[in-house]
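Note: the block below is upload_0.cif and it holds mmCIF, N, CA and C atoms.
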```
data_run
#
loop_
_atom_site.label_atom_id
_atom_site.label_comp_id
_atom_site.auth_asym_id
_atom_site.auth_seq_id
_atom_site.Cartn_x
_atom_site.Cartn_y
_atom_site.Cartn_z
N MET T 236 -1.53 -4.49 7.51
CA MET T 236 -1.00 -3.29 6.90
C MET T 236 -2.13 -2.38 6.43
N ILE T 237 -3.18 -2.96 5.88
CA ILE T 237 -4.29 -2.14 5.38
C ILE T 237 -4.98 -1.41 6.54
N ALA T 238 -5.11 -2.06 7.67
CA ALA T 238 -5.72 -1.39 8.83
C ALA T 238 -4.88 -0.17 9.23
N HIS T 239 -3.57 -0.29 9.22
CA HIS T 239 -2.70 0.85 9.55
C HIS T 239 -2.79 1.92 8.46
N TYR T 240 -2.87 1.50 7.21
CA TYR T 240 -3.03 2.43 6.09
C TYR T 240 -4.32 3.23 6.27
N ASN T 241 -5.42 2.53 6.56
CA ASN T 241 -6.71 3.20 6.72
C ASN T 241 -6.75 4.10 7.95
N ALA T 242 -5.97 3.78 8.96
CA ALA T 242 -5.87 4.64 10.14
C ALA T 242 -4.89 5.80 9.89
N GLN T 243 -4.28 5.81 8.72
CA GLN T 243 -3.27 6.79 8.32
C GLN T 243 -2.12 6.82 9.33
N ASP T 244 -1.74 5.62 9.76
CA ASP T 244 -0.64 5.46 10.71
C ASP T 244 0.59 4.94 9.95
N ALA T 245 1.31 5.87 9.36
CA ALA T 245 2.48 5.50 8.55
C ALA T 245 3.53 4.77 9.38
N ASP T 246 3.69 5.15 10.65
CA ASP T 246 4.69 4.51 11.50
C ASP T 246 4.38 3.03 11.71
N ALA T 247 3.12 2.71 12.02
CA ALA T 247 2.73 1.31 12.22
C ALA T 247 2.80 0.53 10.92
N TYR T 248 2.44 1.17 9.81
CA TYR T 248 2.50 0.52 8.49
C TYR T 248 3.93 0.09 8.17
N VAL T 249 4.87 1.03 8.29
CA VAL T 249 6.25 0.69 7.91
C VAL T 249 6.93 -0.20 8.93
N ALA T 250 6.41 -0.29 10.15
CA ALA T 250 6.97 -1.22 11.14
C ALA T 250 6.83 -2.66 10.68
N LEU T 251 5.92 -2.90 9.74
CA LEU T 251 5.69 -4.24 9.20
C LEU T 251 6.54 -4.51 7.96
N MET T 252 7.46 -3.59 7.64
CA MET T 252 8.28 -3.71 6.44
C MET T 252 9.75 -3.92 6.81
N THR T 253 10.49 -4.50 5.87
CA THR T 253 11.93 -4.61 6.04
C THR T 253 12.55 -3.22 5.93
N GLU T 254 13.75 -3.07 6.43
CA GLU T 254 14.43 -1.76 6.41
C GLU T 254 14.59 -1.23 4.98
N ASP T 255 14.85 -2.13 4.03
CA ASP T 255 15.09 -1.70 2.65
C ASP T 255 13.87 -1.92 1.75
N ALA T 256 12.70 -2.03 2.34
CA ALA T 256 11.47 -2.25 1.56
C ALA T 256 11.21 -1.08 0.63
N CYS T 257 10.35 -1.32 -0.37
CA CYS T 257 9.98 -0.23 -1.26
C CYS T 257 8.57 -0.45 -1.78
N GLU T 258 8.02 0.60 -2.35
CA GLU T 258 6.74 0.54 -3.05
C GLU T 258 7.02 1.03 -4.47
N ALA T 259 6.41 0.36 -5.45
CA ALA T 259 6.73 0.66 -6.84
C ALA T 259 5.54 0.38 -7.73
N GLY T 260 5.60 0.92 -8.94
CA GLY T 260 4.66 0.51 -9.97
C GLY T 260 5.02 -0.89 -10.39
N TYR T 261 4.08 -1.64 -10.89
CA TYR T 261 4.36 -3.02 -11.29
C TYR T 261 5.42 -3.04 -12.38
N ARG T 262 6.52 -3.70 -12.10
CA ARG T 262 7.66 -3.83 -13.01
C ARG T 262 8.17 -2.47 -13.46
N GLY T 263 7.98 -1.49 -12.58
CA GLY T 263 8.36 -0.13 -12.95
C GLY T 263 9.16 0.57 -11.88
N ALA T 264 9.09 1.86 -11.94
CA ALA T 264 9.89 2.72 -11.07
C ALA T 264 9.46 2.61 -9.61
N VAL T 265 10.45 2.66 -8.73
CA VAL T 265 10.20 2.71 -7.30
C VAL T 265 9.68 4.10 -6.97
N VAL T 266 8.57 4.17 -6.24
CA VAL T 266 8.00 5.47 -5.87
C VAL T 266 8.28 5.83 -4.41
N ARG T 267 8.52 4.83 -3.58
CA ARG T 267 8.88 5.06 -2.18
C ARG T 267 9.98 4.05 -1.84
N GLU T 268 11.16 4.54 -1.49
CA GLU T 268 12.30 3.65 -1.28
C GLU T 268 12.71 3.58 0.18
N GLY T 269 12.84 2.36 0.68
CA GLY T 269 13.25 2.15 2.06
C GLY T 269 12.11 2.42 3.02
N ARG T 270 12.28 1.94 4.23
CA ARG T 270 11.26 2.14 5.26
C ARG T 270 11.02 3.64 5.49
N GLU T 271 12.09 4.42 5.56
CA GLU T 271 11.94 5.86 5.83
C GLU T 271 11.31 6.58 4.64
N GLY T 272 11.70 6.21 3.43
CA GLY T 272 11.09 6.82 2.24
C GLY T 272 9.61 6.50 2.13
N THR T 273 9.24 5.28 2.51
CA THR T 273 7.83 4.89 2.50
C THR T 273 7.07 5.67 3.57
N ARG T 274 7.65 5.80 4.75
CA ARG T 274 7.01 6.57 5.82
C ARG T 274 6.77 8.02 5.38
N GLU T 275 7.81 8.66 4.83
CA GLU T 275 7.68 10.05 4.39
C GLU T 275 6.65 10.19 3.28
N GLY T 276 6.66 9.27 2.32
CA GLY T 276 5.70 9.33 1.21
C GLY T 276 4.27 9.15 1.68
N LEU T 277 4.06 8.22 2.58
CA LEU T 277 2.70 8.01 3.10
C LEU T 277 2.23 9.21 3.90
N LYS T 278 3.09 9.78 4.74
CA LYS T 278 2.69 10.94 5.54
C LYS T 278 2.31 12.11 4.64
N LYS T 279 3.04 12.30 3.55
CA LYS T 279 2.73 13.36 2.60
C LYS T 279 1.37 13.08 1.94
N MET T 280 1.14 11.83 1.51
CA MET T 280 -0.12 11.49 0.87
C MET T 280 -1.29 11.64 1.84
N PHE T 281 -1.12 11.18 3.09
CA PHE T 281 -2.19 11.29 4.08
C PHE T 281 -2.51 12.75 4.38
N ALA T 282 -1.51 13.63 4.35
CA ALA T 282 -1.76 15.05 4.56
C ALA T 282 -2.56 15.64 3.39
N GLU T 283 -2.23 15.18 2.19
CA GLU T 283 -2.94 15.68 1.00
C GLU T 283 -4.35 15.12 0.89
N PHE T 284 -4.53 13.85 1.30
CA PHE T 284 -5.83 13.18 1.21
C PHE T 284 -6.22 12.64 2.59
N PRO T 285 -6.70 13.50 3.49
CA PRO T 285 -6.99 13.07 4.87
C PRO T 285 -8.14 12.06 4.99
N GLU T 286 -8.93 11.88 3.93
CA GLU T 286 -10.02 10.89 3.96
C GLU T 286 -9.64 9.62 3.21
N ASN T 287 -8.40 9.52 2.75
CA ASN T 287 -7.95 8.37 1.97
C ASN T 287 -8.20 7.06 2.72
N ARG T 288 -8.69 6.05 1.99
CA ARG T 288 -8.87 4.73 2.59
C ARG T 288 -8.90 3.69 1.48
N ALA T 289 -8.62 2.44 1.85
CA ALA T 289 -8.63 1.32 0.91
C ALA T 289 -9.50 0.20 1.48
N GLU T 290 -10.19 -0.48 0.58
CA GLU T 290 -11.01 -1.63 0.94
C GLU T 290 -10.48 -2.84 0.16
N ILE T 291 -10.34 -3.95 0.83
CA ILE T 291 -9.89 -5.17 0.15
C ILE T 291 -11.09 -5.84 -0.50
N ILE T 292 -11.04 -5.99 -1.82
CA ILE T 292 -12.10 -6.63 -2.58
C ILE T 292 -11.86 -8.14 -2.65
N ASP T 293 -10.60 -8.52 -2.85
CA ASP T 293 -10.24 -9.94 -2.96
C ASP T 293 -8.77 -10.09 -2.56
N ARG T 294 -8.40 -11.29 -2.14
CA ARG T 294 -7.01 -11.54 -1.76
C ARG T 294 -6.62 -12.96 -2.15
N LYS T 295 -5.37 -13.11 -2.51
CA LYS T 295 -4.79 -14.40 -2.84
C LYS T 295 -3.39 -14.45 -2.22
N ALA T 296 -2.99 -15.62 -1.80
CA ALA T 296 -1.64 -15.79 -1.25
C ALA T 296 -0.99 -17.00 -1.92
N LEU T 297 0.29 -16.87 -2.21
CA LEU T 297 1.07 -17.96 -2.79
C LEU T 297 2.50 -17.80 -2.32
N GLY T 298 2.94 -18.70 -1.47
CA GLY T 298 4.31 -18.61 -0.94
C GLY T 298 4.54 -17.29 -0.23
N ASP T 299 5.55 -16.55 -0.68
CA ASP T 299 5.92 -15.28 -0.06
C ASP T 299 5.17 -14.09 -0.65
N TYR T 300 4.12 -14.34 -1.44
CA TYR T 300 3.40 -13.27 -2.12
C TYR T 300 1.94 -13.22 -1.66
N VAL T 301 1.46 -12.01 -1.49
CA VAL T 301 0.04 -11.78 -1.24
C VAL T 301 -0.41 -10.76 -2.26
N ILE T 302 -1.48 -11.08 -2.98
CA ILE T 302 -2.02 -10.16 -3.99
C ILE T 302 -3.39 -9.70 -3.50
N LEU T 303 -3.55 -8.39 -3.38
CA LEU T 303 -4.81 -7.82 -2.96
C LEU T 303 -5.42 -7.02 -4.10
N HIS T 304 -6.71 -7.21 -4.32
CA HIS T 304 -7.47 -6.31 -5.17
C HIS T 304 -8.03 -5.28 -4.22
N GLU T 305 -7.58 -4.04 -4.35
CA GLU T 305 -7.96 -2.98 -3.43
C GLU T 305 -8.77 -1.92 -4.18
N ARG T 306 -9.76 -1.39 -3.51
CA ARG T 306 -10.52 -0.23 -4.00
C ARG T 306 -10.14 0.93 -3.09
N VAL T 307 -9.69 2.02 -3.71
CA VAL T 307 -9.14 3.15 -2.97
C VAL T 307 -9.98 4.40 -3.22
N TRP T 308 -10.29 5.10 -2.12
CA TRP T 308 -10.97 6.39 -2.19
C TRP T 308 -10.02 7.44 -1.65
N ARG T 309 -9.88 8.54 -2.37
CA ARG T 309 -9.07 9.65 -1.87
C ARG T 309 -9.90 10.55 -0.95
N SER T 310 -11.22 10.59 -1.19
CA SER T 310 -12.13 11.35 -0.33
C SER T 310 -13.51 10.71 -0.42
N ALA T 311 -14.40 11.11 0.47
CA ALA T 311 -15.77 10.58 0.46
C ALA T 311 -16.51 10.98 -0.81
N GLN T 312 -16.14 12.08 -1.42
CA GLN T 312 -16.81 12.56 -2.62
C GLN T 312 -16.19 12.06 -3.92
N SER T 313 -14.99 11.54 -3.87
CA SER T 313 -14.28 11.13 -5.09
C SER T 313 -14.71 9.75 -5.55
N GLU T 314 -14.54 9.51 -6.83
CA GLU T 314 -14.76 8.19 -7.39
C GLU T 314 -13.60 7.28 -6.97
N PRO T 315 -13.88 6.07 -6.55
CA PRO T 315 -12.78 5.18 -6.17
C PRO T 315 -12.06 4.66 -7.41
N PHE T 316 -10.87 4.15 -7.20
CA PHE T 316 -10.14 3.48 -8.26
C PHE T 316 -9.65 2.14 -7.71
N ASP T 317 -9.46 1.18 -8.60
CA ASP T 317 -9.03 -0.15 -8.21
C ASP T 317 -7.55 -0.36 -8.55
N VAL T 318 -6.88 -1.10 -7.69
CA VAL T 318 -5.49 -1.50 -7.93
C VAL T 318 -5.33 -2.96 -7.51
N PHE T 319 -4.38 -3.61 -8.13
CA PHE T 319 -3.87 -4.87 -7.61
C PHE T 319 -2.57 -4.50 -6.92
N ALA T 320 -2.41 -4.90 -5.68
CA ALA T 320 -1.19 -4.65 -4.93
C ALA T 320 -0.54 -6.00 -4.66
N ILE T 321 0.69 -6.14 -5.08
CA ILE T 321 1.43 -7.39 -4.92
C ILE T 321 2.46 -7.17 -3.81
N TYR T 322 2.22 -7.82 -2.68
CA TYR T 322 3.08 -7.71 -1.51
C TYR T 322 4.04 -8.90 -1.50
N THR T 323 5.33 -8.62 -1.43
CA THR T 323 6.35 -9.66 -1.34
C THR T 323 6.91 -9.65 0.08
N PHE T 324 6.92 -10.81 0.70
CA PHE T 324 7.36 -10.93 2.09
C PHE T 324 8.69 -11.65 2.20
N GLU T 325 9.48 -11.22 3.17
CA GLU T 325 10.68 -11.92 3.61
C GLU T 325 10.42 -12.25 5.07
N GLY T 326 10.09 -13.49 5.35
CA GLY T 326 9.69 -13.87 6.70
C GLY T 326 8.37 -13.20 7.03
N ASP T 327 8.32 -12.50 8.15
CA ASP T 327 7.07 -11.85 8.56
C ASP T 327 7.04 -10.37 8.22
N LYS T 328 7.99 -9.90 7.42
CA LYS T 328 8.06 -8.48 7.03
C LYS T 328 7.85 -8.33 5.51
N CYS T 329 7.18 -7.26 5.15
CA CYS T 329 6.96 -6.95 3.75
C CYS T 329 8.21 -6.30 3.18
N ALA T 330 8.71 -6.81 2.05
CA ALA T 330 9.92 -6.30 1.44
C ALA T 330 9.65 -5.41 0.23
N ARG T 331 8.49 -5.60 -0.39
CA ARG T 331 8.18 -4.84 -1.61
C ARG T 331 6.68 -4.86 -1.84
N VAL T 332 6.16 -3.74 -2.30
CA VAL T 332 4.77 -3.66 -2.74
C VAL T 332 4.79 -3.08 -4.14
N GLU T 333 4.16 -3.78 -5.08
CA GLU T 333 4.05 -3.29 -6.44
C GLU T 333 2.58 -3.11 -6.77
N PHE T 334 2.26 -1.96 -7.40
CA PHE T 334 0.89 -1.63 -7.70
C PHE T 334 0.62 -1.73 -9.20
N VAL T 335 -0.47 -2.43 -9.54
CA VAL T 335 -0.94 -2.51 -10.92
C VAL T 335 -2.21 -1.68 -10.96
N ARG T 336 -2.18 -0.65 -11.78
CA ARG T 336 -3.32 0.27 -11.83
C ARG T 336 -3.70 0.59 -13.24
#
```
Do you think you could lay out the structure here as structure tokens?
Amino acid sequence: MIAHYNAQDADAYVALMTEDACEAGYRGAVVREGREGTREGLKKMFAEFPENRAEIIDRKALGDYVILHERVWRSAQSEPFDVFAIYTFEGDKCARVEFVR
């Protein structure tokens, strides 16, 4: 998923998600709902930040969960910020991503 994110390929990214997947703040509001909502939100963000990219600093997996420590740059000149992204899987598809920032 991160490779597709870094390539700014929203279609390939959401192809790895369940139809009703979402992205949200940790234990908070959903910011992108459903596969189509996630696709639209990512395309909008990629248009706003064409140099956006994420680097995986660390990763852990436990059952249906993968936790990534990600460092994100909006542009080559911007200061990066760190997030923990908690990916919840149903089978081989991602059902939810929650961001701790």
| message | Under the PyMOL selection byres ((chain T and resi 300) around 8), which residues of this model are included? Write them out as an MDAnalysis selection string. | response | chainID T and resid 295:299 301:303 321:325
Residues of segment 277-297 of chain T that approach segment 306-315 of chain T to 6.5 Å or less, counting only N, CA and C atoms: could you list each one with the shortest pair of atoms and its distance in Å to one decimal, rows by chain and increasing residue number, as CSV?
```
residue,atom,partner,partner_atom,distance
T:Phe284,CA,T:Arg309,C,5.3
T:Pro285,N,T:Arg309,C,6.2
T:Glu286,C,T:Arg309,C,4.3
T:Asn287,N,T:Arg309,C,4.1
T:Arg288,C,T:Trp308,N,4.1
T:Ala289,CA,T:Arg306,C,4.3
T:Glu290,N,T:Arg306,C,3.9
T:Ile291,N,T:Arg306,N,5.1
T:Ile292,N,T:Arg306,N,5.1
```
| field | All strand (DSSP E or B) positions in chain T, as number ranges by chain | value | T: 252-260, 265-268, 288-297, 300-308, 316-325, 328-335
| query | Which value, in Å to one decimal, gives the distance between atom CA of Asp293 of chain T and atom CA of Lys328 of chain T? | reply | 20.9 Å
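A straight line drawn from atom N of Phe281 of chain T to atom C of Tyr248 of chain T is 13.2 Å long.
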Draw an axis-aligned box over all listed atoms of segment 253-266 of chain T, pad each side with 8 Å, and write its centre and edge lengths in Å, one decimal, as lines of an AutoDock Vina configuration file.
```
center_x = 9.6
center_y = 0.6
center_z = -3.5
size_x = 27.0
size_y = 26.4
size_z = 35.9
```
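Residue neighbourhood of Met236 of chain T, excluding near-sequence residues (fewer than 6 positions): Ala242, Ala247, Tyr248, Val249 and Leu251 of chain T, at 8 Å, using only N, CA and C atoms.
Evaluating the PyMOL selection byres ((chain T and resi 262) around 8) against the shown model yields Ala259, Gly260, Tyr261, Gly263, Ala264, Val265, Glu333, Phe334 and Val335 of chain T.
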| field | For atom C of Asp246 of chain T and atom N of Val318 of chain T, the interatomic separation in Å (one decimal) | value | 22.8 Å
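On the backbone of this structure, DSSP gives helix (DSSP H, G or I) within segment 236-332 of chain T to T:Ile237, T:Ala238, T:His239, T:Tyr240, T:Asn241, T:Ala245, T:Asp246, T:Ala247, T:Tyr248, T:Val249, T:Gly269, T:Arg270, T:Glu271, T:Gly272, T:Thr273, T:Arg274, T:Glu275, T:Gly276, T:Leu277, T:Lys278, T:Lys279, T:Met280, T:Phe281, T:Ala282, T:Glu283.
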Extract, using only C-alpha atoms, all DNA, RNA and protein residues at most 12 Å from Gly276 of chain T, discarding same-chain residues fewer than 2 positions from it, and format them as a PDB file with N, CA and C atoms, keeping the file's coordinate frame.
```pdb
ATOM      1  N   GLN T 243      -4.280   5.810   8.720  1.00  0.00           N
ATOM      2  CA  GLN T 243      -3.270   6.790   8.320  1.00  0.00           C
ATOM      3  C   GLN T 243      -2.120   6.820   9.330  1.00  0.00           C
ATOM      4  N   ALA T 245       1.310   5.870   9.360  1.00  0.00           N
ATOM      5  CA  ALA T 245       2.480   5.500   8.550  1.00  0.00           C
ATOM      6  C   ALA T 245       3.530   4.770   9.380  1.00  0.00           C
ATOM      7  N   ASP T 246       3.690   5.150  10.650  1.00  0.00           N
ATOM      8  CA  ASP T 246       4.690   4.510  11.500  1.00  0.00           C
ATOM      9  C   ASP T 246       4.380   3.030  11.710  1.00  0.00           C
ATOM     10  N   TYR T 248       2.440   1.170   9.810  1.00  0.00           N
ATOM     11  CA  TYR T 248       2.500   0.520   8.490  1.00  0.00           C
ATOM     12  C   TYR T 248       3.930   0.090   8.170  1.00  0.00           C
ATOM     13  N   VAL T 249       4.870   1.030   8.290  1.00  0.00           N
ATOM     14  CA  VAL T 249       6.250   0.690   7.910  1.00  0.00           C
ATOM     15  C   VAL T 249       6.930  -0.200   8.930  1.00  0.00           C
ATOM     16  N   CYS T 257      10.350  -1.320  -0.370  1.00  0.00           N
ATOM     17  CA  CYS T 257       9.980  -0.230  -1.260  1.00  0.00           C
ATOM     18  C   CYS T 257       8.570  -0.450  -1.780  1.00  0.00           C
ATOM     19  N   GLU T 258       8.020   0.600  -2.350  1.00  0.00           N
ATOM     20  CA  GLU T 258       6.740   0.540  -3.050  1.00  0.00           C
ATOM     21  C   GLU T 258       7.020   1.030  -4.470  1.00  0.00           C
ATOM     22  N   ALA T 259       6.410   0.360  -5.450  1.00  0.00           N
ATOM     23  CA  ALA T 259       6.730   0.660  -6.840  1.00  0.00           C
ATOM     24  C   ALA T 259       5.540   0.380  -7.730  1.00  0.00           C
ATOM     25  N   VAL T 265      10.450   2.660  -8.730  1.00  0.00           N
ATOM     26  CA  VAL T 265      10.200   2.710  -7.300  1.00  0.00           C
ATOM     27  C   VAL T 265       9.680   4.100  -6.970  1.00  0.00           C
ATOM     28  N   VAL T 266       8.570   4.170  -6.240  1.00  0.00           N
ATOM     29  CA  VAL T 266       8.000   5.470  -5.870  1.00  0.00           C
ATOM     30  C   VAL T 266       8.280   5.830  -4.410  1.00  0.00           C
ATOM     31  N   ARG T 267       8.520   4.830  -3.580  1.00  0.00           N
ATOM     32  CA  ARG T 267       8.880   5.060  -2.180  1.00  0.00           C
ATOM     33  C   ARG T 267       9.980   4.050  -1.840  1.00  0.00           C
ATOM     34  N   GLU T 268      11.160   4.540  -1.490  1.00  0.00           N
ATOM     35  CA  GLU T 268      12.300   3.650  -1.280  1.00  0.00           C
ATOM     36  C   GLU T 268      12.710   3.580   0.180  1.00  0.00           C
ATOM     37  N   GLY T 269      12.840   2.360   0.680  1.00  0.00           N
ATOM     38  CA  GLY T 269      13.250   2.150   2.060  1.00  0.00           C
ATOM     39  C   GLY T 269      12.110   2.420   3.020  1.00  0.00           C
ATOM     40  N   ARG T 270      12.280   1.940   4.230  1.00  0.00           N
ATOM     41  CA  ARG T 270      11.260   2.140   5.260  1.00  0.00           C
ATOM     42  C   ARG T 270      11.020   3.640   5.490  1.00  0.00           C
ATOM     43  N   GLU T 271      12.090   4.420   5.560  1.00  0.00           N
ATOM     44  CA  GLU T 271      11.940   5.860   5.830  1.00  0.00           C
ATOM     45  C   GLU T 271      11.310   6.580   4.640  1.00  0.00           C
ATOM     46  N   GLY T 272      11.700   6.210   3.430  1.00  0.00           N
ATOM     47  CA  GLY T 272      11.090   6.820   2.240  1.00  0.00           C
ATOM     48  C   GLY T 272       9.610   6.500   2.130  1.00  0.00           C
ATOM     49  N   THR T 273       9.240   5.280   2.510  1.00  0.00           N
ATOM     50  CA  THR T 273       7.830   4.890   2.500  1.00  0.00           C
ATOM     51  C   THR T 273       7.070   5.670   3.570  1.00  0.00           C
ATOM     52  N   ARG T 274       7.650   5.800   4.750  1.00  0.00           N
ATOM     53  CA  ARG T 274       7.010   6.570   5.820  1.00  0.00           C
ATOM     54  C   ARG T 274       6.770   8.020   5.380  1.00  0.00           C
ATOM     55  N   LYS T 278       3.090   9.780   4.740  1.00  0.00           N
ATOM     56  CA  LYS T 278       2.690  10.940   5.540  1.00  0.00           C
ATOM     57  C   LYS T 278       2.310  12.110   4.640  1.00  0.00           C
ATOM     58  N   LYS T 279       3.040  12.300   3.550  1.00  0.00           N
ATOM     59  CA  LYS T 279       2.730  13.360   2.600  1.00  0.00           C
ATOM     60  C   LYS T 279       1.370  13.080   1.940  1.00  0.00           C
ATOM     61  N   MET T 280       1.140  11.830   1.510  1.00  0.00           N
ATOM     62  CA  MET T 280      -0.120  11.490   0.870  1.00  0.00           C
ATOM     63  C   MET T 280      -1.290  11.640   1.840  1.00  0.00           C
ATOM     64  N   PHE T 281      -1.120  11.180   3.090  1.00  0.00           N
ATOM     65  CA  PHE T 281      -2.190  11.290   4.080  1.00  0.00           C
ATOM     66  C   PHE T 281      -2.510  12.750   4.380  1.00  0.00           C
ATOM     67  N   ALA T 282      -1.510  13.630   4.350  1.00  0.00           N
ATOM     68  CA  ALA T 282      -1.760  15.050   4.560  1.00  0.00           C
ATOM     69  C   ALA T 282      -2.560  15.640   3.390  1.00  0.00           C
ATOM     70  N   GLU T 283      -2.230  15.180   2.190  1.00  0.00           N
ATOM     71  CA  GLU T 283      -2.940  15.680   1.000  1.00  0.00           C
ATOM     72  C   GLU T 283      -4.350  15.120   0.890  1.00  0.00           C
TER      73      GLU T 283
END
```
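If you measure from each of T:Arg336, T:Leu277, T:Cys329, T:Arg294 to Asp255 of chain T using only N, CA and C atoms, the closest one turns out to be T:Cys329.
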